[in-house]
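For reference, entry_11.pdb is printed below; it contains PDB, C-alpha atoms and all ligand atoms.
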```pdb
ATOM      1  CA  MET A   1       1.774 -13.340  16.065  1.00  0.00           C
ATOM      2  CA  GLY A   2       3.273 -15.137  13.116  1.00  0.00           C
ATOM      3  CA  GLY A   3       6.777 -13.661  13.208  1.00  0.00           C
ATOM      4  CA  GLU A   4       8.428 -11.872  10.372  1.00  0.00           C
ATOM      5  CA  THR A   5       8.202 -12.692   6.699  1.00  0.00           C
ATOM      6  CA  ILE A   6      10.576 -12.882   3.766  1.00  0.00           C
ATOM      7  CA  PHE A   7       9.561  -9.302   2.942  1.00  0.00           C
ATOM      8  CA  ALA A   8      11.086  -8.042   6.226  1.00  0.00           C
ATOM      9  CA  LYS A   9      14.368  -9.600   5.089  1.00  0.00           C
ATOM     10  CA  ILE A  10      14.047  -7.921   1.685  1.00  0.00           C
ATOM     11  CA  ILE A  11      13.512  -4.560   3.400  1.00  0.00           C
ATOM     12  CA  ARG A  12      16.708  -5.137   5.427  1.00  0.00           C
ATOM     13  CA  ARG A  13      18.544  -6.283   2.272  1.00  0.00           C
ATOM     14  CA  GLU A  14      19.174  -9.704   3.819  1.00  0.00           C
ATOM     15  CA  VAL A  15      17.397 -11.360   0.881  1.00  0.00           C
ATOM     16  CA  PRO A  16      18.086 -10.022  -2.630  1.00  0.00           C
ATOM     17  CA  ALA A  17      15.300  -8.487  -4.681  1.00  0.00           C
ATOM     18  CA  LYS A  18      15.057  -6.421  -7.828  1.00  0.00           C
ATOM     19  CA  ILE A  19      14.020  -3.181  -6.163  1.00  0.00           C
ATOM     20  CA  VAL A  20      12.402  -0.593  -8.446  1.00  0.00           C
ATOM     21  CA  TYR A  21      11.105   2.023  -5.993  1.00  0.00           C
ATOM     22  CA  GLU A  22      11.794   3.117  -2.424  1.00  0.00           C
ATOM     23  CA  THR A  23      10.665   5.875  -0.087  1.00  0.00           C
ATOM     24  CA  ASP A  24      10.880   6.205   3.697  1.00  0.00           C
ATOM     25  CA  HIS A  25       7.727   4.123   4.078  1.00  0.00           C
ATOM     26  CA  VAL A  26       7.336   2.069   0.894  1.00  0.00           C
ATOM     27  CA  LEU A  27       9.408  -0.470  -1.043  1.00  0.00           C
ATOM     28  CA  ALA A  28       8.655  -2.093  -4.405  1.00  0.00           C
ATOM     29  CA  PHE A  29      10.397  -4.985  -6.150  1.00  0.00           C
ATOM     30  CA  HIS A  30       9.789  -7.512  -8.901  1.00  0.00           C
ATOM     31  CA  ASP A  31       7.836 -10.622  -7.929  1.00  0.00           C
ATOM     32  CA  VAL A  32      10.134 -13.664  -7.973  1.00  0.00           C
ATOM     33  CA  ASN A  33       7.387 -15.741  -9.653  1.00  0.00           C
ATOM     34  CA  PRO A  34       5.826 -13.277 -12.105  1.00  0.00           C
ATOM     35  CA  GLN A  35       2.269 -13.857 -13.301  1.00  0.00           C
ATOM     36  CA  ALA A  36       2.540 -11.212 -16.028  1.00  0.00           C
ATOM     37  CA  PRO A  37       5.371  -9.724 -18.126  1.00  0.00           C
ATOM     38  CA  ILE A  38       5.550  -6.983 -15.474  1.00  0.00           C
ATOM     39  CA  HIS A  39       4.693  -8.079 -11.931  1.00  0.00           C
ATOM     40  CA  ILE A  40       5.841  -5.839  -9.102  1.00  0.00           C
ATOM     41  CA  LEU A  41       5.030  -5.996  -5.393  1.00  0.00           C
ATOM     42  CA  ILE A  42       4.516  -2.761  -3.468  1.00  0.00           C
ATOM     43  CA  ILE A  43       4.834  -3.068   0.304  1.00  0.00           C
ATOM     44  CA  PRO A  44       4.837  -0.827   3.342  1.00  0.00           C
ATOM     45  CA  LYS A  45       8.069  -1.059   5.321  1.00  0.00           C
ATOM     46  CA  GLU A  46       5.909  -1.374   8.414  1.00  0.00           C
ATOM     47  CA  PRO A  47       5.006  -5.062   8.772  1.00  0.00           C
ATOM     48  CA  ILE A  48       1.211  -4.895   8.554  1.00  0.00           C
ATOM     49  CA  ARG A  49      -0.047  -8.485   8.274  1.00  0.00           C
ATOM     50  CA  ASP A  50      -2.804  -7.888   5.726  1.00  0.00           C
ATOM     51  CA  LEU A  51      -5.198  -5.203   4.538  1.00  0.00           C
ATOM     52  CA  ALA A  52      -7.721  -6.146   7.193  1.00  0.00           C
ATOM     53  CA  SER A  53      -5.103  -5.370   9.875  1.00  0.00           C
ATOM     54  CA  ALA A  54      -4.629  -1.803   8.659  1.00  0.00           C
ATOM     55  CA  LYS A  55      -6.070   0.832  10.996  1.00  0.00           C
ATOM     56  CA  ALA A  56      -7.353   4.354  10.488  1.00  0.00           C
ATOM     57  CA  ASP A  57      -3.837   5.454  11.545  1.00  0.00           C
ATOM     58  CA  HIS A  58      -2.561   3.857   8.343  1.00  0.00           C
ATOM     59  CA  LYS A  59      -4.657   6.073   6.108  1.00  0.00           C
ATOM     60  CA  GLU A  60      -1.699   8.080   4.859  1.00  0.00           C
ATOM     61  CA  LEU A  61       0.445   4.995   4.377  1.00  0.00           C
ATOM     62  CA  LEU A  62      -2.298   3.258   2.383  1.00  0.00           C
ATOM     63  CA  GLY A  63      -2.491   6.329   0.179  1.00  0.00           C
ATOM     64  CA  GLU A  64       1.285   6.254  -0.305  1.00  0.00           C
ATOM     65  CA  LEU A  65       1.065   2.664  -1.517  1.00  0.00           C
ATOM     66  CA  LEU A  66      -1.407   3.638  -4.246  1.00  0.00           C
ATOM     67  CA  VAL A  67       0.642   6.679  -5.220  1.00  0.00           C
ATOM     68  CA  ALA A  68       3.623   4.321  -5.546  1.00  0.00           C
ATOM     69  CA  VAL A  69       1.595   2.001  -7.790  1.00  0.00           C
ATOM     70  CA  ASN A  70       0.798   4.924 -10.044  1.00  0.00           C
ATOM     71  CA  GLU A  71       4.406   6.106 -10.272  1.00  0.00           C
ATOM     72  CA  ILE A  72       5.730   2.629 -10.924  1.00  0.00           C
ATOM     73  CA  ALA A  73       3.048   1.953 -13.554  1.00  0.00           C
ATOM     74  CA  ARG A  74       4.172   5.121 -15.315  1.00  0.00           C
ATOM     75  CA  GLU A  75       7.868   4.226 -15.026  1.00  0.00           C
ATOM     76  CA  GLN A  76       7.153   0.753 -16.399  1.00  0.00           C
ATOM     77  CA  GLY A  77       5.229   2.185 -19.362  1.00  0.00           C
ATOM     78  CA  LEU A  78       1.900   0.664 -18.314  1.00  0.00           C
ATOM     79  CA  LEU A  79      -0.336   3.742 -18.325  1.00  0.00           C
ATOM     80  CA  GLN A  80      -1.357   3.452 -21.960  1.00  0.00           C
ATOM     81  CA  ASP A  81      -1.845  -0.290 -21.999  1.00  0.00           C
ATOM     82  CA  GLY A  82      -3.599  -0.697 -18.645  1.00  0.00           C
ATOM     83  CA  PHE A  83      -2.611  -2.655 -15.593  1.00  0.00           C
ATOM     84  CA  ARG A  84      -4.126  -4.605 -12.721  1.00  0.00           C
ATOM     85  CA  VAL A  85      -3.656  -4.040  -8.976  1.00  0.00           C
ATOM     86  CA  VAL A  86      -4.466  -6.880  -6.574  1.00  0.00           C
ATOM     87  CA  ILE A  87      -4.437  -7.338  -2.804  1.00  0.00           C
ATOM     88  CA  ASN A  88      -4.996 -10.886  -1.579  1.00  0.00           C
ATOM     89  CA  ASN A  89      -6.349 -10.706   1.978  1.00  0.00           C
ATOM     90  CA  GLY A  90      -6.128 -14.009   3.822  1.00  0.00           C
ATOM     91  CA  ALA A  91      -5.146 -17.517   2.774  1.00  0.00           C
ATOM     92  CA  ARG A  92      -8.498 -18.226   1.131  1.00  0.00           C
ATOM     93  CA  ALA A  93      -8.007 -15.229  -1.134  1.00  0.00           C
ATOM     94  CA  GLY A  94      -4.561 -16.507  -2.111  1.00  0.00           C
ATOM     95  CA  GLN A  95      -2.369 -14.628   0.356  1.00  0.00           C
ATOM     96  CA  THR A  96       0.843 -16.553   1.050  1.00  0.00           C
ATOM     97  CA  VAL A  97       3.094 -13.841   2.502  1.00  0.00           C
ATOM     98  CA  PHE A  98       1.582 -12.195   5.568  1.00  0.00           C
ATOM     99  CA  HIS A  99       3.058  -8.752   5.104  1.00  0.00           C
ATOM    100  CA  LEU A 100       0.643  -6.453   3.267  1.00  0.00           C
ATOM    101  CA  HIS A 101       1.487  -6.099  -0.419  1.00  0.00           C
ATOM    102  CA  LEU A 102      -0.098  -4.847  -3.611  1.00  0.00           C
ATOM    103  CA  HIS A 103       0.489  -6.757  -6.829  1.00  0.00           C
ATOM    104  CA  LEU A 104       0.973  -4.490  -9.866  1.00  0.00           C
ATOM    105  CA  MET A 105       0.690  -6.514 -13.054  1.00  0.00           C
ATOM    106  CA  GLY A 106       0.822  -5.451 -16.663  1.00  0.00           C
ATOM    107  CA  GLY A 107       2.000  -6.301 -20.130  1.00  0.00           C
ATOM    108  CA  ARG A 108      -0.845  -8.678 -20.945  1.00  0.00           C
ATOM    109  CA  SER A 109      -4.650  -8.694 -20.859  1.00  0.00           C
ATOM    110  CA  PHE A 110      -6.544  -9.859 -17.766  1.00  0.00           C
ATOM    111  CA  ALA A 111      -9.817 -11.731 -17.524  1.00  0.00           C
ATOM    112  CA  TRP A 112     -12.714 -10.583 -15.372  1.00  0.00           C
ATOM    113  CA  PRO A 113     -13.843 -11.982 -13.012  1.00  0.00           C
ATOM    114  CA  PRO A 114     -10.361 -13.085 -11.918  1.00  0.00           C
ATOM    115  CA  GLY A 115     -11.451 -16.578 -10.848  1.00  0.00           C
TER     116      GLY A 115
HETATM  117  P1  LIG B   1       0.400 -13.386  -2.148  1.00  0.00           P
HETATM  118  O1  LIG B   1       0.148 -14.779  -2.663  1.00  0.00           O
HETATM  119  O2  LIG B   1      -0.621 -12.367  -2.526  1.00  0.00           O
HETATM  120  O3  LIG B   1       0.702 -13.401  -0.662  1.00  0.00           O
HETATM  121  O4  LIG B   1       1.705 -12.899  -2.880  1.00  0.00           O
HETATM  122  C1  LIG B   1       2.997 -13.195  -2.440  1.00  0.00           C
HETATM  123  C2  LIG B   1       3.904 -12.994  -3.606  1.00  0.00           C
HETATM  124  O5  LIG B   1       5.231 -12.883  -3.121  1.00  0.00           O
HETATM  125  C3  LIG B   1       3.882 -14.142  -4.613  1.00  0.00           C
HETATM  126  O6  LIG B   1       3.491 -13.647  -5.875  1.00  0.00           O
HETATM  127  C4  LIG B   1       5.326 -14.636  -4.609  1.00  0.00           C
HETATM  128  O7  LIG B   1       5.771 -15.020  -5.877  1.00  0.00           O
HETATM  129  C5  LIG B   1       6.078 -13.430  -4.079  1.00  0.00           C
HETATM  130  N1  LIG B   1       7.338 -13.706  -3.428  1.00  0.00           N
HETATM  131  C6  LIG B   1       7.579 -14.638  -2.468  1.00  0.00           C
HETATM  132  N2  LIG B   1       8.869 -14.579  -2.080  1.00  0.00           N
HETATM  133  C7  LIG B   1       9.456 -13.587  -2.816  1.00  0.00           C
HETATM  134  C8  LIG B   1      10.773 -13.052  -2.888  1.00  0.00           C
HETATM  135  N3  LIG B   1      11.770 -13.512  -2.131  1.00  0.00           N
HETATM  136  N4  LIG B   1      11.004 -12.043  -3.756  1.00  0.00           N
HETATM  137  C9  LIG B   1      10.007 -11.563  -4.535  1.00  0.00           C
HETATM  138  N5  LIG B   1       8.749 -12.026  -4.510  1.00  0.00           N
HETATM  139  C10 LIG B   1       8.468 -13.031  -3.673  1.00  0.00           C
END
```
Rewrite the structure from the file as structure tokens, please.
Amino acid sequence: MGGETIFAKIIRREVPAKIVYETDHVLAFHDVNPQAPIHILIIPKEPIRDLASAKADHKELLGELLVAVNEIAREQGLLQDGFRVVINNGARAGQTVFHLHLHLMGGRSFAWPPG
């Protein structure tokens, strides 16, 4: 249910994005409305609606997403300074695009709790 999202169009290159990382299963690109000096979205190419929809079969893919975060954080020079990784699951948690994505943010300090 719900049809495809803008991220499916980005994967197919029908909508432009500043892509920084790609493998067979994972794509990463700059967030169009950045909340930090560096704000990158890491997504599976498979259109999983949200984290809660991921199954045990997705174990390897979920691992690949975190490995991608790590590589991108290194490429973006964030390892020394620190960075934040966020998954919003569901509208109440702030999810607006229903294609699983990890937010990688860095280049500033972050409050805790996030609010
Ligand atoms: P969330 O609120 O966790 O679902 O995050 C969705 C994110 O996607 C937001 O930070 C948006 O700014 C971002 N976003 C929406 N459309 C695009 C787009 N076309 N290119 C890049 N980022 C986008």
inquiry  = Take the PyMOL selection byres (((chain A and resi 39) around 7) and not hetatm), run it mentally on this structure, and tell me the resulting residues as number ranges by chain.
reply    = A: 30-31, 34-38, 40-41, 103-106
ask   = Looking at all atoms listed in the file, which of A:Lys59, A:Arg84, A:Lys9, A:Lys45 is the one that sits closest to ligand LIG 1 (chain B)?
value =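 So, comparing all the options, the nearest one is A:Lys9.
With distances restricted to only C-alpha atoms and all ligand atoms, A:Arg49 is the closest residue to ligand LIG 1 (chain B) from A:Arg49, A:Arg74, A:His58, A:His25.
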Using all atoms listed in the file, what table do you get, as CSV, when you list each residue of chain A with an atom no more than 7 Å from ligand LIG 1 (chain B), its nearest pair of atoms, and their distance in Å rounded to one decimal, rows by chain then rising number?
```
residue,atom,partner,partner_atom,distance
A:Ile6,CA,B:LIG1,N3,6.0
A:Phe7,CA,B:LIG1,N3,7.0
A:Val15,CA,B:LIG1,N3,6.7
A:Ala17,CA,B:LIG1,N4,5.7
A:Phe29,CA,B:LIG1,C9,6.8
A:His30,CA,B:LIG1,C9,6.0
A:Asp31,CA,B:LIG1,N5,3.8
A:Val32,CA,B:LIG1,C9,4.0
A:Asn33,CA,B:LIG1,O7,4.2
A:Pro34,CA,B:LIG1,O7,6.5
A:Ile87,CA,B:LIG1,O2,6.3
A:Asn88,CA,B:LIG1,O2,4.7
A:Gly94,CA,B:LIG1,O1,5.0
A:Gln95,CA,B:LIG1,O3,3.5
A:Thr96,CA,B:LIG1,O3,3.6
A:Val97,CA,B:LIG1,O3,4.0
A:Phe98,CA,B:LIG1,O3,6.4
A:His101,CA,B:LIG1,O2,6.9
```
Take the residues from that selection and write them out as an mmCIF file, in the coordinates of the input, keeping C-alpha atoms.
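Output (part03.cif):
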```cif
data_model
loop_
_atom_site.group_PDB
_atom_site.id
_atom_site.type_symbol
_atom_site.label_atom_id
_atom_site.label_comp_id
_atom_site.auth_asym_id
_atom_site.auth_seq_id
_atom_site.Cartn_x
_atom_site.Cartn_y
_atom_site.Cartn_z
ATOM 1 C CA ILE A 6 10.576 -12.882 3.766
ATOM 2 C CA PHE A 7 9.561 -9.302 2.942
ATOM 3 C CA VAL A 15 17.397 -11.360 0.881
ATOM 4 C CA ALA A 17 15.300 -8.487 -4.681
ATOM 5 C CA PHE A 29 10.397 -4.985 -6.150
ATOM 6 C CA HIS A 30 9.789 -7.512 -8.901
ATOM 7 C CA ASP A 31 7.836 -10.622 -7.929
ATOM 8 C CA VAL A 32 10.134 -13.664 -7.973
ATOM 9 C CA ASN A 33 7.387 -15.741 -9.653
ATOM 10 C CA PRO A 34 5.826 -13.277 -12.105
ATOM 11 C CA ILE A 87 -4.437 -7.338 -2.804
ATOM 12 C CA ASN A 88 -4.996 -10.886 -1.579
ATOM 13 C CA GLY A 94 -4.561 -16.507 -2.111
ATOM 14 C CA GLN A 95 -2.369 -14.628 0.356
ATOM 15 C CA THR A 96 0.843 -16.553 1.050
ATOM 16 C CA VAL A 97 3.094 -13.841 2.502
ATOM 17 C CA PHE A 98 1.582 -12.195 5.568
ATOM 18 C CA HIS A 101 1.487 -6.099 -0.419
#
```
key: Interatomic distance, CA of Ala8 (chain A) to CA of Asp24 (chain A) (Å, one decimal)   = 14.5 Å
query = How many Å lie between CA of Trp112 (chain A) and CA of Ala93 (chain A), rounded to one decimal?
reply =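 It comes out at 15.7 Å.
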request  = For the file shown, report as a ChimeraX atom specification the outcome of the PyMOL selection byres (((chain A and resi 28) around 7) and not hetatm) at residue level.
outcome  = /A:19-22,26-27,29,40-43
query = Looking at A:Leu102, A:Ile11, A:Ala54, A:Ile48, which one is nearest to Val67 (chain A), with distances taken over only C-alpha atoms?
reply = A:Leu102
Around all the atoms of region 72-78 of chain A listed in the file, with 5 Å of room on each side, what axis-aligned box do you get, giving centre and edge lengths in Å to one decimal, as JSON?
```
{"center_x": 4.9, "center_y": 2.9, "center_z": -15.1, "size_x": 16.0, "size_y": 14.5, "size_z": 18.4}
```
inquiry  = Ranking A:Val86, A:Ala68, A:Ala111, A:Leu100 by minimum distance to Ser53 (chain A) and counting all atoms listed in the file, which one comes first?
reply    = A:Leu100
Please, can region 84-95 of chain A be completed to all heavy atoms and returned as a PDB file, keeping the file's coordinate frame?
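Done, and the output landed in out03.pdb:
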```pdb
ATOM      1  N   ARG A  84      -3.256  -4.102 -13.790  1.00  0.00           N
ATOM      2  CA  ARG A  84      -4.126  -4.605 -12.721  1.00  0.00           C
ATOM      3  C   ARG A  84      -3.406  -4.496 -11.386  1.00  0.00           C
ATOM      4  O   ARG A  84      -2.204  -4.742 -11.302  1.00  0.00           O
ATOM      5  CB  ARG A  84      -4.549  -6.049 -12.978  1.00  0.00           C
ATOM      6  CG  ARG A  84      -5.473  -6.568 -11.881  1.00  0.00           C
ATOM      7  CD  ARG A  84      -6.176  -7.843 -12.279  1.00  0.00           C
ATOM      8  NE  ARG A  84      -7.245  -7.566 -13.243  1.00  0.00           N
ATOM      9  CZ  ARG A  84      -8.045  -8.500 -13.751  1.00  0.00           C
ATOM     10  NH1 ARG A  84      -7.890  -9.763 -13.395  1.00  0.00           N
ATOM     11  NH2 ARG A  84      -8.998  -8.174 -14.598  1.00  0.00           N
ATOM     12  N   VAL A  85      -4.172  -4.132 -10.342  1.00  0.00           N
ATOM     13  CA  VAL A  85      -3.656  -4.040  -8.976  1.00  0.00           C
ATOM     14  C   VAL A  85      -4.482  -4.994  -8.120  1.00  0.00           C
ATOM     15  O   VAL A  85      -5.716  -4.958  -8.161  1.00  0.00           O
ATOM     16  CB  VAL A  85      -3.767  -2.603  -8.425  1.00  0.00           C
ATOM     17  CG1 VAL A  85      -3.191  -2.516  -7.016  1.00  0.00           C
ATOM     18  CG2 VAL A  85      -3.064  -1.623  -9.360  1.00  0.00           C
ATOM     19  N   VAL A  86      -3.788  -5.845  -7.359  1.00  0.00           N
ATOM     20  CA  VAL A  86      -4.466  -6.880  -6.574  1.00  0.00           C
ATOM     21  C   VAL A  86      -3.919  -6.886  -5.145  1.00  0.00           C
ATOM     22  O   VAL A  86      -2.707  -6.760  -4.943  1.00  0.00           O
ATOM     23  CB  VAL A  86      -4.240  -8.278  -7.214  1.00  0.00           C
ATOM     24  CG1 VAL A  86      -4.739  -9.389  -6.296  1.00  0.00           C
ATOM     25  CG2 VAL A  86      -4.896  -8.365  -8.583  1.00  0.00           C
ATOM     26  N   ILE A  87      -4.829  -7.034  -4.184  1.00  0.00           N
ATOM     27  CA  ILE A  87      -4.437  -7.338  -2.804  1.00  0.00           C
ATOM     28  C   ILE A  87      -5.158  -8.624  -2.415  1.00  0.00           C
ATOM     29  O   ILE A  87      -6.400  -8.666  -2.415  1.00  0.00           O
ATOM     30  CB  ILE A  87      -4.832  -6.213  -1.824  1.00  0.00           C
ATOM     31  CG1 ILE A  87      -4.134  -4.904  -2.181  1.00  0.00           C
ATOM     32  CG2 ILE A  87      -4.503  -6.630  -0.381  1.00  0.00           C
ATOM     33  CD1 ILE A  87      -4.596  -3.718  -1.329  1.00  0.00           C
ATOM     34  N   ASN A  88      -4.416  -9.650  -2.103  1.00  0.00           N
ATOM     35  CA  ASN A  88      -4.996 -10.886  -1.579  1.00  0.00           C
ATOM     36  C   ASN A  88      -5.026 -10.769  -0.058  1.00  0.00           C
ATOM     37  O   ASN A  88      -3.983 -10.580   0.570  1.00  0.00           O
ATOM     38  CB  ASN A  88      -4.156 -12.096  -1.997  1.00  0.00           C
ATOM     39  CG  ASN A  88      -4.150 -12.287  -3.508  1.00  0.00           C
ATOM     40  OD1 ASN A  88      -5.157 -12.064  -4.172  1.00  0.00           O
ATOM     41  ND2 ASN A  88      -3.009 -12.688  -4.043  1.00  0.00           N
ATOM     42  N   ASN A  89      -6.217 -10.841   0.516  1.00  0.00           N
ATOM     43  CA  ASN A  89      -6.349 -10.706   1.978  1.00  0.00           C
ATOM     44  C   ASN A  89      -6.778 -12.053   2.569  1.00  0.00           C
ATOM     45  O   ASN A  89      -7.936 -12.452   2.436  1.00  0.00           O
ATOM     46  CB  ASN A  89      -7.365  -9.627   2.321  1.00  0.00           C
ATOM     47  CG  ASN A  89      -7.364  -9.319   3.811  1.00  0.00           C
ATOM     48  OD1 ASN A  89      -6.680  -8.399   4.239  1.00  0.00           O
ATOM     49  ND2 ASN A  89      -8.072 -10.075   4.610  1.00  0.00           N
ATOM     50  N   GLY A  90      -5.827 -12.732   3.191  1.00  0.00           N
ATOM     51  CA  GLY A  90      -6.128 -14.009   3.822  1.00  0.00           C
ATOM     52  C   GLY A  90      -5.825 -15.182   2.908  1.00  0.00           C
ATOM     53  O   GLY A  90      -5.845 -15.056   1.679  1.00  0.00           O
ATOM     54  N   ALA A  91      -5.568 -16.333   3.527  1.00  0.00           N
ATOM     55  CA  ALA A  91      -5.146 -17.517   2.774  1.00  0.00           C
ATOM     56  C   ALA A  91      -6.186 -17.918   1.724  1.00  0.00           C
ATOM     57  O   ALA A  91      -5.840 -18.314   0.609  1.00  0.00           O
ATOM     58  CB  ALA A  91      -4.899 -18.670   3.742  1.00  0.00           C
ATOM     59  N   ARG A  92      -7.452 -17.789   2.067  1.00  0.00           N
ATOM     60  CA  ARG A  92      -8.498 -18.226   1.131  1.00  0.00           C
ATOM     61  C   ARG A  92      -8.544 -17.360  -0.112  1.00  0.00           C
ATOM     62  O   ARG A  92      -8.996 -17.789  -1.182  1.00  0.00           O
ATOM     63  CB  ARG A  92      -9.861 -18.223   1.846  1.00  0.00           C
ATOM     64  CG  ARG A  92     -10.931 -18.902   1.041  1.00  0.00           C
ATOM     65  CD  ARG A  92     -12.004 -19.527   1.897  1.00  0.00           C
ATOM     66  NE  ARG A  92     -12.852 -20.365   1.070  1.00  0.00           N
ATOM     67  CZ  ARG A  92     -14.129 -20.132   0.818  1.00  0.00           C
ATOM     68  NH1 ARG A  92     -14.734 -19.096   1.375  1.00  0.00           N
ATOM     69  NH2 ARG A  92     -14.808 -20.926   0.041  1.00  0.00           N
ATOM     70  N   ALA A  93      -8.069 -16.131   0.019  1.00  0.00           N
ATOM     71  CA  ALA A  93      -8.007 -15.229  -1.134  1.00  0.00           C
ATOM     72  C   ALA A  93      -6.690 -15.365  -1.887  1.00  0.00           C
ATOM     73  O   ALA A  93      -6.450 -14.646  -2.864  1.00  0.00           O
ATOM     74  CB  ALA A  93      -8.200 -13.787  -0.665  1.00  0.00           C
ATOM     75  N   GLY A  94      -5.819 -16.272  -1.407  1.00  0.00           N
ATOM     76  CA  GLY A  94      -4.561 -16.507  -2.111  1.00  0.00           C
ATOM     77  C   GLY A  94      -3.344 -15.866  -1.463  1.00  0.00           C
ATOM     78  O   GLY A  94      -2.247 -15.932  -2.023  1.00  0.00           O
ATOM     79  N   GLN A  95      -3.526 -15.252  -0.293  1.00  0.00           N
ATOM     80  CA  GLN A  95      -2.369 -14.628   0.356  1.00  0.00           C
ATOM     81  C   GLN A  95      -1.439 -15.707   0.905  1.00  0.00           C
ATOM     82  O   GLN A  95      -1.883 -16.632   1.604  1.00  0.00           O
ATOM     83  CB  GLN A  95      -2.822 -13.697   1.495  1.00  0.00           C
ATOM     84  CG  GLN A  95      -1.661 -12.914   2.094  1.00  0.00           C
ATOM     85  CD  GLN A  95      -2.118 -11.881   3.134  1.00  0.00           C
ATOM     86  OE1 GLN A  95      -3.283 -11.805   3.491  1.00  0.00           O
ATOM     87  NE2 GLN A  95      -1.161 -11.098   3.611  1.00  0.00           N
TER      88      GLN A  95
END
```
